[in-house]
Amino acid sequence: AEIVATLVMACMMVSSVPVVAALFPAHGRYRGVSFSYSLGNCLFGGTTPLISTFLLAATDIKISPAFYLMLCAFLAFLGSRMILFSLGK
């Protein structure tokens, strides 16, 4: 299972490199990538345990954190569509 997960992650990371290169100009690419990566980790990675615990306590449904995961996936989908639109594809 870990090998499959690693291969899926590798496919996602490899395909993101050309997109990142196209999004930021060369002189500010490092700052742009590091800021957006850090902001995403703070907003979604840092608050996930808090939100999951709140959802479990508020709804008493054991799969309620999955709804938060679905919301994050939908937001990522919208973000990828916005990237394609901004690149003119």
# chains A, B, ... in the order shown; residues from 1 in each chain; ligands from 1
call {"tool": "residues_around", "arguments": {"residues": "Gly32 (chain A)", "least_positions_apart": "5", "cutoff": "12 Å", "atoms": "only C-alpha atoms", "output": "VMD selection string"}}
result
chain A and resid 20 to 27 37 to 39
call {"tool": "residues_around", "arguments": {"residues": "Phe44 (chain A)", "least_positions_apart": "2", "cutoff": "12 Å", "atoms": "only C-alpha atoms", "output": "list of chain:residue names"}}
result
A:Ser36, A:Tyr37, A:Ser38, A:Leu39, A:Gly40, A:Asn41, A:Cys42, A:Gly46, A:Thr47, A:Thr48, A:Pro49, A:Leu50, A:Ile51, A:Ser52, A:Tyr68, A:Leu69, A:Leu71, A:Cys72, A:Ala73, A:Leu75, A:Ala76
call {"tool": "write_last_selection", "arguments": {"atoms": "N, CA, C and O atoms", "output": "mmCIF file, in the first residue's frame"}}
result
data_model
loop_
_atom_site.group_PDB
_atom_site.id
_atom_site.type_symbol
_atom_site.label_atom_id
_atom_site.label_comp_id
_atom_site.auth_asym_id
_atom_site.auth_seq_id
_atom_site.Cartn_x
_atom_site.Cartn_y
_atom_site.Cartn_z
ATOM 1 N N SER A 36 3.333 30.242 -1.292
ATOM 2 C CA SER A 36 2.072 29.537 -1.532
ATOM 3 C C SER A 36 2.060 28.165 -0.865
ATOM 4 O O SER A 36 1.025 27.734 -0.338
ATOM 5 N N TYR A 37 3.188 27.483 -0.850
ATOM 6 C CA TYR A 37 3.271 26.185 -0.173
ATOM 7 C C TYR A 37 3.070 26.356 1.336
ATOM 8 O O TYR A 37 2.309 25.614 1.959
ATOM 9 N N SER A 38 3.719 27.341 1.910
ATOM 10 C CA SER A 38 3.591 27.574 3.354
ATOM 11 C C SER A 38 2.181 28.019 3.731
ATOM 12 O O SER A 38 1.631 27.576 4.748
ATOM 13 N N LEU A 39 1.591 28.873 2.930
ATOM 14 C CA LEU A 39 0.232 29.324 3.203
ATOM 15 C C LEU A 39 -0.762 28.171 3.132
ATOM 16 O O LEU A 39 -1.639 28.038 3.987
ATOM 17 N N GLY A 40 -0.622 27.318 2.131
ATOM 18 C CA GLY A 40 -1.496 26.153 2.018
ATOM 19 C C GLY A 40 -1.349 25.205 3.193
ATOM 20 O O GLY A 40 -2.340 24.672 3.714
ATOM 21 N N ASN A 41 -0.115 24.983 3.622
ATOM 22 C CA ASN A 41 0.111 24.116 4.779
ATOM 23 C C ASN A 41 -0.460 24.713 6.052
ATOM 24 O O ASN A 41 -1.011 24.003 6.890
ATOM 25 N N CYS A 42 -0.329 26.018 6.210
ATOM 26 C CA CYS A 42 -0.881 26.655 7.417
ATOM 27 C C CYS A 42 -2.395 26.590 7.438
ATOM 28 O O CYS A 42 -3.004 26.260 8.462
ATOM 29 N N GLY A 46 -2.495 22.758 9.049
ATOM 30 C CA GLY A 46 -2.442 23.109 10.463
ATOM 31 C C GLY A 46 -3.784 23.072 11.157
ATOM 32 O O GLY A 46 -3.875 22.800 12.351
ATOM 33 N N THR A 47 -4.851 23.341 10.413
ATOM 34 C CA THR A 47 -6.172 23.384 11.036
ATOM 35 C C THR A 47 -6.960 22.084 10.896
ATOM 36 O O THR A 47 -8.039 21.965 11.473
ATOM 37 N N THR A 48 -6.458 21.128 10.157
ATOM 38 C CA THR A 48 -7.202 19.889 9.924
ATOM 39 C C THR A 48 -7.527 19.131 11.207
ATOM 40 O O THR A 48 -8.676 18.706 11.380
ATOM 41 N N PRO A 49 -6.587 18.923 12.133
ATOM 42 C CA PRO A 49 -6.968 18.222 13.367
ATOM 43 C C PRO A 49 -8.035 18.965 14.171
ATOM 44 O O PRO A 49 -8.955 18.329 14.712
ATOM 45 N N LEU A 50 -7.942 20.273 14.230
ATOM 46 C CA LEU A 50 -8.931 21.066 14.953
ATOM 47 C C LEU A 50 -10.315 20.942 14.315
ATOM 48 O O LEU A 50 -11.314 20.706 15.001
ATOM 49 N N ILE A 51 -10.376 21.091 13.010
ATOM 50 C CA ILE A 51 -11.661 21.010 12.309
ATOM 51 C C ILE A 51 -12.232 19.604 12.382
ATOM 52 O O ILE A 51 -13.440 19.429 12.576
ATOM 53 N N SER A 52 -11.390 18.591 12.246
ATOM 54 C CA SER A 52 -11.877 17.208 12.333
ATOM 55 C C SER A 52 -12.435 16.905 13.713
ATOM 56 O O SER A 52 -13.498 16.282 13.838
ATOM 57 N N TYR A 68 -14.997 17.234 5.322
ATOM 58 C CA TYR A 68 -13.978 18.285 5.250
ATOM 59 C C TYR A 68 -12.952 17.948 4.162
ATOM 60 O O TYR A 68 -12.527 18.822 3.393
ATOM 61 N N LEU A 69 -12.582 16.693 4.077
ATOM 62 C CA LEU A 69 -11.648 16.263 3.041
ATOM 63 C C LEU A 69 -12.245 16.473 1.653
ATOM 64 O O LEU A 69 -11.553 16.915 0.725
ATOM 65 N N LEU A 71 -14.458 18.748 0.868
ATOM 66 C CA LEU A 71 -14.440 20.195 0.637
ATOM 67 C C LEU A 71 -13.053 20.653 0.187
ATOM 68 O O LEU A 71 -12.927 21.434 -0.760
ATOM 69 N N CYS A 72 -12.021 20.148 0.838
ATOM 70 C CA CYS A 72 -10.651 20.510 0.447
ATOM 71 C C CYS A 72 -10.341 20.030 -0.971
ATOM 72 O O CYS A 72 -9.689 20.748 -1.742
ATOM 73 N N ALA A 73 -10.807 18.835 -1.321
ATOM 74 C CA ALA A 73 -10.592 18.324 -2.678
ATOM 75 C C ALA A 73 -11.319 19.178 -3.706
ATOM 76 O O ALA A 73 -10.784 19.461 -4.786
ATOM 77 N N LEU A 75 -12.051 22.384 -3.376
ATOM 78 C CA LEU A 75 -11.311 23.644 -3.474
ATOM 79 C C LEU A 75 -10.040 23.476 -4.306
ATOM 80 O O LEU A 75 -9.658 24.371 -5.070
ATOM 81 N N ALA A 76 -9.377 22.327 -4.169
ATOM 82 C CA ALA A 76 -8.190 22.057 -4.981
ATOM 83 C C ALA A 76 -8.561 21.936 -6.458
ATOM 84 O O ALA A 76 -7.835 22.411 -7.340
#
call {"tool": "residues_around", "arguments": {"residues": "Phe54 (chain A)", "least_positions_apart": "6", "cutoff": "10 Å", "atoms": "only C-alpha atoms", "output": "MDAnalysis selection string"}}
result
chainID A and resid 48 60 64:65
call {"tool": "write_last_selection", "arguments": {"atoms": "all heavy atoms", "output": "CSV table (one decimal), in the first residue's frame"}}
result
chain,number,residue,atom,x,y,z
A,48,THR,N,-6.5,21.1,10.2
A,48,THR,CA,-7.2,19.9,9.9
A,48,THR,C,-7.5,19.1,11.2
A,48,THR,O,-8.7,18.7,11.4
A,48,THR,CB,-6.4,19.0,8.9
A,48,THR,OG1,-6.4,19.7,7.7
A,48,THR,CG2,-7.1,17.7,8.7
A,60,ASP,N,-21.4,14.2,15.7
A,60,ASP,CA,-21.5,12.8,16.3
A,60,ASP,C,-21.6,11.7,15.2
A,60,ASP,O,-22.1,10.6,15.4
A,60,ASP,CB,-22.6,12.6,17.3
A,60,ASP,CG,-22.3,11.6,18.3
A,60,ASP,OD1,-21.1,11.4,18.6
A,60,ASP,OD2,-23.3,11.0,18.9
A,64,SER,N,-17.6,12.3,9.6
A,64,SER,CA,-17.7,13.7,9.3
A,64,SER,C,-16.4,14.4,8.9
A,64,SER,O,-16.5,15.3,8.1
A,64,SER,CB,-18.3,14.5,10.5
A,64,SER,OG,-17.6,14.3,11.6
A,65,PRO,N,-15.2,13.9,9.3
A,65,PRO,CA,-14.0,14.5,8.8
A,65,PRO,C,-13.8,14.3,7.3
A,65,PRO,O,-13.2,15.0,6.6
A,65,PRO,CB,-12.9,13.9,9.6
A,65,PRO,CG,-13.5,13.5,10.8
A,65,PRO,CD,-14.9,13.1,10.5
call {"tool": "atom_distance", "arguments": {"atom1": "CA of Tyr30 (chain A)", "atom2": "CA of Ala5 (chain A)"}}
result
27.3 Å
